[in-house]
Structure formats: structure tokens, C-alpha cells
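Notes follow the structure.
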Amino acid sequence: MHCYFVLAGDSEIPVMYYVEHVREGKSFATRTVQARQRGKAIFTTTLSFMRENSGGKKQVKHAVPLPKEVQLPDEDSPDNEANGTSPFISRRIEILNRDSAHPHEKRTRQWIKARGKISEEGGHQAHLSALAYMSDSYFIGTVSRIHPLYRPGDPSNLKDEDGAEGNSKGLPEIGMMVSLDHSIYFHEPKGFRADEWMFTEMASPWSGDGRGVVQQHMFAADGTLVATCFQEVFIFSCLPNGVLC
């Protein structure tokens with residue numbers, strides 16, 4: 001699923017979806033969807049569907065493993081989506097290789113699942129929809145978190161030596177950060193439940209020229225790699241006095 005965010009949407013205005021049947025094959029089908037408001041496209045996506053069990057008997061298989069050191073979160077630990085308005089629950093883990101001088105070596109991590117239980121009437125498609133929604137959680141901010149940037153209100157900000165919060169060090173601050181595109185590769189569509197814990201690990205191989213690329217692996221709790229995601233973000237920072245960096 002390859003998504004492009006064209007214009008900002010308005011939650012108060014109905015969205016019209018235009019679906020095009022691009023191709024119908026024996027094993028694959030392709031669709032494009034355009035979301036419009038006020039007659040203008042605000043979002044487009046191209047989706048590729050594969051018929052189940054059409055890969056043949058002999059297959060080449062491998063997958064990135066779930067990191068061995070991670071452990072399931074404590075159900076009683078604080079929710080990083082503590083305002084209660086989010087449809088999912090998150091338990092974030094301290095950034096891996098946080099002290100590295102090389103941003104591309106750092107990894108942001110979290111456990112995540114849907115709040116409550118997903119109805120069986122929705123079938124596995126409901127879990128795929130929930131995964132797609134949750135794949136954008138904590139994802140766009142990866143570039144800002146692996147650099148020494150200050151993010152107002154973000155608990156993962158670097159603190160002073162005495163533990164004090166706030167931007168007393170005068171770090172560059174996030175001025176604007178938005179998604180340009182978002183791609184999801186579903187590996188095991190029926191290998192997970194979105195209302196059970198899933199582990200996600202995010203990294204950024206590159207940033208520059210006002211943009212950054214981030215990558216995410218999503219695992220079921222049993223270690224099954226269920227999805228890989230990529231995103232390009234537009235990001236610029238400014239000094240505490242508002243001057244662009």
C-alpha cells in the first residue's frame with residue numbers, strides 16, 4: 001500500500017473516495033484510490049492485493065528476527081497514549097544506541113495494540129486496517145528523536161544532567177514535520193491480531209534537504225514479522241528564537 005498525502009484534510013467535511021480497478025490478474029489485483037474534498041485530491045494510494053496461497057509450493061523465505069532482548073510490557077505500566085482518546089495503547093522503550101554519534105545507528109521502539117477488542121465480525125481485514133492506522137504511531141518523529149532536536153511536550157526529550165526538563169540547552173526545535181508519503185508491505189496478513197501486543201522498531205537511513213526517510217519493522221509478539229513500512233517526512237527545525245536552522 002503506497003500512500004501520498006497531497007493536501008491537508010478537514011475532518012468537518014465529507015470525503016469522497018474514487019476507486020479505480022487497474023488490473024485483475026490470477027494472482028494479483030491492483031487498485032488506486034483517490035480521496036477528495038471540495039473537488040480537490042487530498043490523498044492518493046495504490047494498493048496491490050495477492051490471492052492467498054498463490055506463491056507456489058517451493059518458496060524462498062527469510063525474515064528479520066524480533067530482537068532477543070525485548071520483553072513483553074507490563075500491563076500496568078503507564079500508557080504513552082495516556083489521554084485516553086487514542087484507539088490504541090502504546091508502551092515506548094528507551095531509544096537503542098541513544099548515545100551513538102551516528103543517527104542512523106539509533107532505533108526507536110515501542111509495543112502497541114488496539115484499545116479493547118476488535119470484533120470478530122470484522123474478520124482479519126479489520127486487523128489489517130488497525131495495523132495500517134497504528135503503523136503511523138511514533139513513526140514520523142523518528143528523525144527528530146535520533147537527532148538532538150527539542151520537541152515540546154515529548155517525554156523522550158533529552159534532559160539536563162540534573163534531570164530538568166525544558167530546552168535549557170538551546171537545542172534546535174521542531175518547526176514543522178509532516179508526512180509526504182507512507183508505504184506498508186503486509187507480510188503475514190493473518191499472522192497477528194491488532195488487539196494483542198505488537199512490537200515496532202524504527203530507524204532512519206538518511207535525512208537532508210528538509211526531508212527524512214524512516215523505516216519500520218512490525219512484529220507479532222511471537223516474533224513473526226508481519227509488516228515493513230517506509231515513510232518520507234518533511235521536516236525543518238528552528239532555533240528557540242524562531243530563526244530557521
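For the C-alpha cells, the naming scheme is as follows: chains receive sequential letters (A, B, ...) according to their order of presentation, residues are indexed from 1 within each chain, and ligands are indexed from 1 in presentation order.
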Open item on the list: Which of region 10-211 of chain A end up as strand (DSSP E or B) when DSSP is run on this backbone - answer as a PyMOL selection string?
Closed with: chain A and resi 16-24+28-37+40-50+88-96+107-114+150+173-186+198-208+211
Task: Selection: 6 Å around region 114-126 of chain A, only C-alpha atoms, excl. self and same-chain fewer than 2 positions, as a list in words - done: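 Neighbouring residues, sequence-local ones excluded: Pro87, Phe88, Ile89, Leu128, Ser129, Ala194 and Asp195 of chain A.
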Open item on the list: Please list as JSON, numbers by chain every residue within 7 Å of region 211-221 of chain A, counting only C-alpha atoms and excluding residues in the same chain fewer than 2 positions away.
Closed with: {"A": [66, 142, 143, 192, 197, 198, 199, 200, 201, 202, 203, 204, 205, 206, 207, 208, 209, 223, 224, 225, 226, 227, 228, 229, 230, 231, 232, 233, 234, 235]}
Task: Who sits within 12 Å of Met176 (chain A), only C-alpha atoms, same chain under 4 positions skipped, as a list in words - done: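 Residues meeting the cut-off are Ile140, Gly141, Ser144, Arg151, Pro152, Pro172, Gly210, Arg211, Val233, Phe234, Ile235, Phe236, Ser237, Cys238, Gly242 and Leu244 of chain A.
For region 37-41 of chain A, the set of protein, DNA and RNA residues having any atom at most 10 Å away, when counting only C-alpha atoms and skipping those fewer than 4 positions along the same chain, is Phe5, Val6, Leu7, Ala8, Gly9, Asp10, Ile13, Pro14, Val15, Met16, Tyr17 and Tyr18 of chain A.
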Dump all heavy atoms for the selected residues as a JSON list (two decimals), in the first residue's frame?
```json
[["chain", "number", "residue", "atom", "x", "y", "z"],
["A", 5, "PHE", "N", 0.26, 11.93, 0.67],
["A", 5, "PHE", "CA", -0.55, 12.96, 1.30],
["A", 5, "PHE", "C", -0.38, 14.25, 0.50],
["A", 5, "PHE", "O", 0.67, 14.87, 0.52],
["A", 5, "PHE", "CB", -0.12, 13.14, 2.75],
["A", 5, "PHE", "CG", -0.18, 11.85, 3.54],
["A", 5, "PHE", "CD1", 0.96, 11.08, 3.73],
["A", 5, "PHE", "CD2", -1.38, 11.38, 4.04],
["A", 5, "PHE", "CE1", 0.91, 9.88, 4.42],
["A", 5, "PHE", "CE2", -1.44, 10.18, 4.74],
["A", 5, "PHE", "CZ", -0.29, 9.43, 4.93],
["A", 6, "VAL", "N", -1.43, 14.64, -0.22],
["A", 6, "VAL", "CA", -1.35, 15.72, -1.19],
["A", 6, "VAL", "C", -1.69, 17.07, -0.56],
["A", 6, "VAL", "O", -0.96, 18.05, -0.71],
["A", 6, "VAL", "CB", -2.29, 15.44, -2.38],
["A", 6, "VAL", "CG1", -2.16, 16.54, -3.43],
["A", 6, "VAL", "CG2", -1.97, 14.09, -3.00],
["A", 7, "LEU", "N", -2.81, 17.13, 0.16],
["A", 7, "LEU", "CA", -3.24, 18.35, 0.83],
["A", 7, "LEU", "C", -3.78, 17.99, 2.20],
["A", 7, "LEU", "O", -4.19, 16.87, 2.46],
["A", 7, "LEU", "CB", -4.36, 19.05, 0.02],
["A", 7, "LEU", "CG", -3.99, 19.67, -1.33],
["A", 7, "LEU", "CD1", -5.26, 20.13, -2.04],
["A", 7, "LEU", "CD2", -3.03, 20.84, -1.15],
["A", 8, "ALA", "N", -3.80, 18.98, 3.08],
["A", 8, "ALA", "CA", -4.36, 18.77, 4.41],
["A", 8, "ALA", "C", -5.86, 18.54, 4.31],
["A", 8, "ALA", "O", -6.56, 19.23, 3.56],
["A", 8, "ALA", "CB", -4.06, 19.97, 5.31],
["A", 9, "GLY", "N", -6.36, 17.55, 5.05],
["A", 9, "GLY", "CA", -7.79, 17.27, 5.07],
["A", 9, "GLY", "C", -8.51, 18.04, 6.16],
["A", 9, "GLY", "O", -7.88, 18.59, 7.08],
["A", 10, "ASP", "N", -9.83, 18.12, 6.06],
["A", 10, "ASP", "CA", -10.67, 18.79, 7.05],
["A", 10, "ASP", "C", -11.66, 17.78, 7.58],
["A", 10, "ASP", "O", -12.49, 17.24, 6.83],
["A", 10, "ASP", "CB", -11.40, 19.97, 6.39],
["A", 10, "ASP", "CG", -12.16, 20.83, 7.40],
["A", 10, "ASP", "OD1", -12.52, 20.31, 8.47],
["A", 10, "ASP", "OD2", -12.37, 22.02, 7.11],
["A", 13, "ILE", "N", -15.50, 18.05, 6.86],
["A", 13, "ILE", "CA", -16.03, 17.99, 5.50],
["A", 13, "ILE", "C", -16.04, 16.53, 5.04],
["A", 13, "ILE", "O", -15.04, 15.82, 5.23],
["A", 13, "ILE", "CB", -15.17, 18.84, 4.54],
["A", 13, "ILE", "CG1", -15.20, 20.31, 4.98],
["A", 13, "ILE", "CG2", -15.68, 18.71, 3.11],
["A", 13, "ILE", "CD1", -14.29, 21.19, 4.15],
["A", 14, "PRO", "N", -17.14, 16.06, 4.43],
["A", 14, "PRO", "CA", -17.19, 14.68, 3.93],
["A", 14, "PRO", "C", -16.07, 14.41, 2.92],
["A", 14, "PRO", "O", -15.66, 15.30, 2.17],
["A", 14, "PRO", "CB", -18.56, 14.59, 3.26],
["A", 14, "PRO", "CG", -19.38, 15.64, 3.92],
["A", 14, "PRO", "CD", -18.43, 16.76, 4.23],
["A", 15, "VAL", "N", -15.56, 13.18, 2.91],
["A", 15, "VAL", "CA", -14.52, 12.76, 1.99],
["A", 15, "VAL", "C", -15.15, 11.86, 0.93],
["A", 15, "VAL", "O", -15.87, 10.92, 1.25],
["A", 15, "VAL", "CB", -13.39, 12.00, 2.72],
["A", 15, "VAL", "CG1", -12.32, 11.56, 1.72],
["A", 15, "VAL", "CG2", -12.78, 12.86, 3.80],
["A", 16, "MET", "N", -14.88, 12.16, -0.33],
["A", 16, "MET", "CA", -15.34, 11.33, -1.43],
["A", 16, "MET", "C", -14.18, 10.45, -1.90],
["A", 16, "MET", "O", -13.08, 10.96, -2.16],
["A", 16, "MET", "CB", -15.83, 12.20, -2.59],
["A", 16, "MET", "CG", -17.02, 13.09, -2.24],
["A", 16, "MET", "SD", -18.52, 12.14, -1.92],
["A", 16, "MET", "CE", -18.85, 11.47, -3.54],
["A", 17, "TYR", "N", -14.43, 9.14, -1.99],
["A", 17, "TYR", "CA", -13.39, 8.20, -2.41],
["A", 17, "TYR", "C", -13.68, 7.70, -3.83],
["A", 17, "TYR", "O", -14.77, 7.21, -4.11],
["A", 17, "TYR", "CB", -13.32, 7.01, -1.45],
["A", 17, "TYR", "CG", -12.86, 7.37, -0.06],
["A", 17, "TYR", "CD1", -13.78, 7.63, 0.95],
["A", 17, "TYR", "CD2", -11.50, 7.47, 0.24],
["A", 17, "TYR", "CE1", -13.36, 7.96, 2.23],
["A", 17, "TYR", "CE2", -11.08, 7.81, 1.52],
["A", 17, "TYR", "CZ", -12.02, 8.05, 2.51],
["A", 17, "TYR", "OH", -11.60, 8.39, 3.76],
["A", 18, "TYR", "N", -12.69, 7.83, -4.70],
["A", 18, "TYR", "CA", -12.81, 7.37, -6.07],
["A", 18, "TYR", "C", -11.87, 6.19, -6.27],
["A", 18, "TYR", "O", -10.65, 6.33, -6.13],
["A", 18, "TYR", "CB", -12.45, 8.50, -7.04],
["A", 18, "TYR", "CG", -13.41, 9.68, -6.96],
["A", 18, "TYR", "CD1", -13.26, 10.64, -5.96],
["A", 18, "TYR", "CD2", -14.44, 9.82, -7.88],
["A", 18, "TYR", "CE1", -14.13, 11.72, -5.88],
["A", 18, "TYR", "CE2", -15.32, 10.90, -7.81],
["A", 18, "TYR", "CZ", -15.16, 11.84, -6.80],
["A", 18, "TYR", "OH", -16.02, 12.90, -6.72]]
```
Open item on the list: Just want the 6 Å neighbourhood of Cys3 (chain A), counted on only C-alpha atoms, with same-chain residues fewer than 6 positions away dropped. Output as a list in words.
Closed with: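 Returned residues: Thr44, Thr45, Asp181, His182 and Ser183 of chain A.
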Task: Neighbour list for region 97-100 of chain A as a list in words, cut-off 10 Å, only C-alpha atoms, skip fewer than 5 positions in-chain - done: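 Final neighbour list, sorted by chain and number: Glu105, Lys106, Arg107, Thr108, Arg145, Ile146, His147 and Leu158 of chain A.
For the pair CA of Arg193 (chain A) and CA of Lys113 (chain A), the separation is 8.5 Å.
Pairwise distance (CA of Ala35 (chain A), CA of Val19 (chain A)) equals 9.0 Å.
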TODO: Determine the nearest neighbour of Leu96 (chain A) from the options A:Glu20, A:Pro67, A:Ile112, A:Pro73, counting only C-alpha atoms.
DONE: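 The closest residue to Leu96 (chain A) is A:Pro67.
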TODO: Would you mind reading off the distance between CA of His187 (chain A) and CA of Arg23 (chain A), one decimal, in Å?
DONE: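 Those two atoms sit 21.2 Å apart.
Nearest to Gln110 (chain A) of all the residues A:Lys61, A:Arg51, A:Lys68, A:Arg91 is A:Arg91, based on only C-alpha atoms.
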TODO: Would you list, as a VMD selection string, the residues of region 81-129 of chain A that end up in alpha helix (DSSP H) under DSSP run on this structure's backbone?
DONE: chain A and resid 123 to 129
Pull N, CA, C and O atoms from the residues just selected and write them as a PDB file, in the first residue's frame.
```pdb
ATOM      1  N   GLY A 123     -13.452  -9.694  10.767  1.00  0.00           N
ATOM      2  CA  GLY A 123     -12.505 -10.585  10.119  1.00  0.00           C
ATOM      3  C   GLY A 123     -11.077 -10.064  10.217  1.00  0.00           C
ATOM      4  O   GLY A 123     -10.794  -9.087  10.914  1.00  0.00           O
ATOM      5  N   HIS A 124     -10.145 -10.717   9.512  1.00  0.00           N
ATOM      6  CA  HIS A 124      -8.755 -10.296   9.591  1.00  0.00           C
ATOM      7  C   HIS A 124      -8.537  -8.952   8.898  1.00  0.00           C
ATOM      8  O   HIS A 124      -7.552  -8.262   9.163  1.00  0.00           O
ATOM      9  N   GLN A 125      -9.492  -8.541   8.014  1.00  0.00           N
ATOM     10  CA  GLN A 125      -9.360  -7.236   7.369  1.00  0.00           C
ATOM     11  C   GLN A 125      -9.395  -6.103   8.387  1.00  0.00           C
ATOM     12  O   GLN A 125      -8.725  -5.085   8.215  1.00  0.00           O
ATOM     13  N   ALA A 126     -10.176  -6.275   9.453  1.00  0.00           N
ATOM     14  CA  ALA A 126     -10.233  -5.249  10.489  1.00  0.00           C
ATOM     15  C   ALA A 126      -8.882  -5.102  11.183  1.00  0.00           C
ATOM     16  O   ALA A 126      -8.466  -3.989  11.531  1.00  0.00           O
ATOM     17  N   HIS A 127      -8.167  -6.201  11.361  1.00  0.00           N
ATOM     18  CA  HIS A 127      -6.849  -6.149  11.988  1.00  0.00           C
ATOM     19  C   HIS A 127      -5.825  -5.506  11.048  1.00  0.00           C
ATOM     20  O   HIS A 127      -4.931  -4.784  11.502  1.00  0.00           O
ATOM     21  N   LEU A 128      -5.964  -5.739   9.745  1.00  0.00           N
ATOM     22  CA  LEU A 128      -5.081  -5.074   8.787  1.00  0.00           C
ATOM     23  C   LEU A 128      -5.320  -3.571   8.788  1.00  0.00           C
ATOM     24  O   LEU A 128      -4.367  -2.784   8.727  1.00  0.00           O
ATOM     25  N   SER A 129      -6.575  -3.168   8.869  1.00  0.00           N
ATOM     26  CA  SER A 129      -6.888  -1.736   8.921  1.00  0.00           C
ATOM     27  C   SER A 129      -6.323  -1.110  10.187  1.00  0.00           C
ATOM     28  O   SER A 129      -5.771  -0.001  10.158  1.00  0.00           O
TER      29      SER A 129
END
```
